[in-house]
Amino acid sequence: MKRAWWIAVAIAYAAGIFAGSSIPLRELPLLPASGLDKLIHAVEYALFFFIVRKAVGGRGWIPITIAILYAGTDELHQAFVPGRHAGIDDFAADLTGILLMAILTALVRDSPLLAGIRRRILALVIWRKED
C-alpha cells in the first residue's frame, strides 16, 4: 500500500512538471534573479528523484535513471511549446538536483558502502569534542 501511494505521488508530480512545462514563458512571471530559475530546476528534480526513489524501492540506479530520462524528455517537450526552448543549462540544473539528492539520500540511509565513512566522520567529531 505504501509503495502504491508513492507511485501515485510520482505520477502526479511528473504530471505537474509536464503541466508547468506546457505553459508558454510569456504567461509566467519573470524571476527576479537570473540564477533563480536554475535553483528551481534543481530543487524540482531533487524532489522528483526522492519521490521516484520511494516509489521504486530506492535500490540501484533505477530511480536515478528514471529521473534523468524524465528530465531529458521534459526539456525535449519544452522545445515544442510556443515561447519555450529546450536548454542544456536547464537540463544540467535538473541533473545537479537529481545527483545531489542521490548523494544525500545515500549518505543518510543505512548504506553498508558508506557506513565506514560515517563512522570515521562521527569518530572525528567525537574526538574533536574531547579536546
# chains A, B, ... in the order shown; residues from 1 in each chain; ligands from 1
$ select_by_dssp --residues "chain A" --states "helix (DSSP H, G or I)" --output "MDAnalysis selection string"
chainID A and resid 2:21 25:27 36:56 62:78 88:108 112:130
$ write_last_selection --atoms "C-alpha atoms" --output "tab-separated table (two decimals), in the first residue's frame"
chain	number	residue	atom	x	y	z
A	2	LYS	CA	2.79	2.40	0.90
A	3	ARG	CA	4.60	1.82	-2.40
A	4	ALA	CA	1.34	2.31	-4.35
A	5	TRP	CA	0.91	5.67	-2.64
A	6	TRP	CA	4.44	6.76	-3.64
A	7	ILE	CA	3.84	5.60	-7.22
A	8	ALA	CA	0.68	7.74	-7.33
A	9	VAL	CA	2.63	10.71	-5.92
A	10	ALA	CA	5.40	10.20	-8.53
A	11	ILE	CA	2.87	10.12	-11.37
A	12	ALA	CA	1.09	13.22	-10.05
A	13	TYR	CA	4.40	15.07	-9.59
A	14	ALA	CA	5.52	14.12	-13.13
A	15	ALA	CA	2.16	15.35	-14.45
A	16	GLY	CA	2.69	18.61	-12.56
A	17	ILE	CA	6.12	19.05	-14.14
A	18	PHE	CA	4.62	18.35	-17.57
A	19	ALA	CA	1.79	20.84	-16.96
A	20	GLY	CA	4.22	23.51	-15.80
A	21	SER	CA	6.44	22.91	-18.83
A	25	LEU	CA	7.04	31.67	-20.90
A	26	ARG	CA	5.09	34.83	-21.69
A	27	GLU	CA	2.40	33.62	-19.28
A	36	LEU	CA	16.89	31.51	-9.55
A	37	ASP	CA	15.34	29.50	-12.38
A	38	LYS	CA	18.27	27.06	-12.25
A	39	LEU	CA	17.78	26.66	-8.50
A	40	ILE	CA	14.09	25.96	-9.11
A	41	HIS	CA	15.03	23.31	-11.69
A	42	ALA	CA	17.47	21.66	-9.27
A	43	VAL	CA	15.01	21.60	-6.38
A	44	GLU	CA	12.16	20.40	-8.62
A	45	TYR	CA	14.16	17.41	-9.84
A	46	ALA	CA	15.77	16.69	-6.46
A	47	LEU	CA	12.24	16.24	-5.11
A	48	PHE	CA	11.23	14.22	-8.16
A	49	PHE	CA	14.18	11.86	-7.64
A	50	PHE	CA	13.31	11.47	-3.96
A	51	ILE	CA	9.69	10.60	-4.78
A	52	VAL	CA	10.67	8.17	-7.56
A	53	ARG	CA	13.19	6.54	-5.23
A	54	LYS	CA	10.42	5.92	-2.70
A	55	ALA	CA	8.12	4.64	-5.45
A	56	VAL	CA	10.55	2.08	-6.88
A	62	ILE	CA	16.64	2.72	-11.39
A	63	PRO	CA	15.39	5.91	-9.66
A	64	ILE	CA	18.33	7.94	-10.97
A	65	THR	CA	17.75	6.66	-14.50
A	66	ILE	CA	14.01	7.40	-14.35
A	67	ALA	CA	14.60	10.93	-13.06
A	68	ILE	CA	17.29	11.70	-15.65
A	69	LEU	CA	15.21	10.32	-18.52
A	70	TYR	CA	12.18	12.32	-17.40
A	71	ALA	CA	14.29	15.48	-17.13
A	72	GLY	CA	15.52	14.92	-20.69
A	73	THR	CA	12.05	14.31	-22.06
A	74	ASP	CA	10.81	17.40	-20.22
A	75	GLU	CA	13.40	19.56	-21.95
A	76	LEU	CA	12.54	17.94	-25.29
A	77	HIS	CA	8.84	18.61	-24.63
A	78	GLN	CA	9.60	22.30	-24.00
A	88	ILE	CA	21.16	22.25	-21.90
A	89	ASP	CA	21.64	24.63	-18.97
A	90	ASP	CA	18.19	23.72	-17.61
A	91	PHE	CA	18.94	20.02	-18.10
A	92	ALA	CA	22.26	20.49	-16.26
A	93	ALA	CA	20.38	22.11	-13.37
A	94	ASP	CA	17.94	19.17	-13.35
A	95	LEU	CA	20.86	16.72	-13.25
A	96	THR	CA	22.50	18.67	-10.44
A	97	GLY	CA	19.37	18.39	-8.32
A	98	ILE	CA	18.99	14.68	-9.06
A	99	LEU	CA	22.60	13.86	-8.29
A	100	LEU	CA	22.77	15.97	-5.13
A	101	MET	CA	19.64	14.30	-3.78
A	102	ALA	CA	21.00	10.87	-4.76
A	103	ILE	CA	24.20	11.58	-2.84
A	104	LEU	CA	22.29	12.98	0.13
A	105	THR	CA	19.95	10.00	0.35
A	106	ALA	CA	22.89	7.60	0.01
A	107	LEU	CA	24.65	9.31	2.90
A	108	VAL	CA	21.57	9.40	5.08
A	112	PRO	CA	26.97	-0.56	4.09
A	113	LEU	CA	29.17	1.13	1.49
A	114	LEU	CA	29.10	4.43	3.36
A	115	ALA	CA	28.89	3.08	6.93
A	116	GLY	CA	32.67	3.20	7.29
A	117	ILE	CA	32.79	6.81	6.13
A	118	ARG	CA	30.03	7.79	8.55
A	119	ARG	CA	31.83	6.01	11.42
A	120	ARG	CA	35.05	7.89	10.62
A	121	ILE	CA	33.24	11.24	10.49
A	122	LEU	CA	31.47	10.54	13.79
A	123	ALA	CA	34.73	9.40	15.40
A	124	LEU	CA	36.42	12.59	14.23
A	125	VAL	CA	33.58	14.74	15.58
A	126	ILE	CA	33.60	12.92	18.94
A	127	TRP	CA	37.39	13.07	19.10
A	128	ARG	CA	37.32	16.85	18.46
A	129	LYS	CA	34.75	17.36	21.23
A	130	GLU	CA	37.06	15.67	23.76
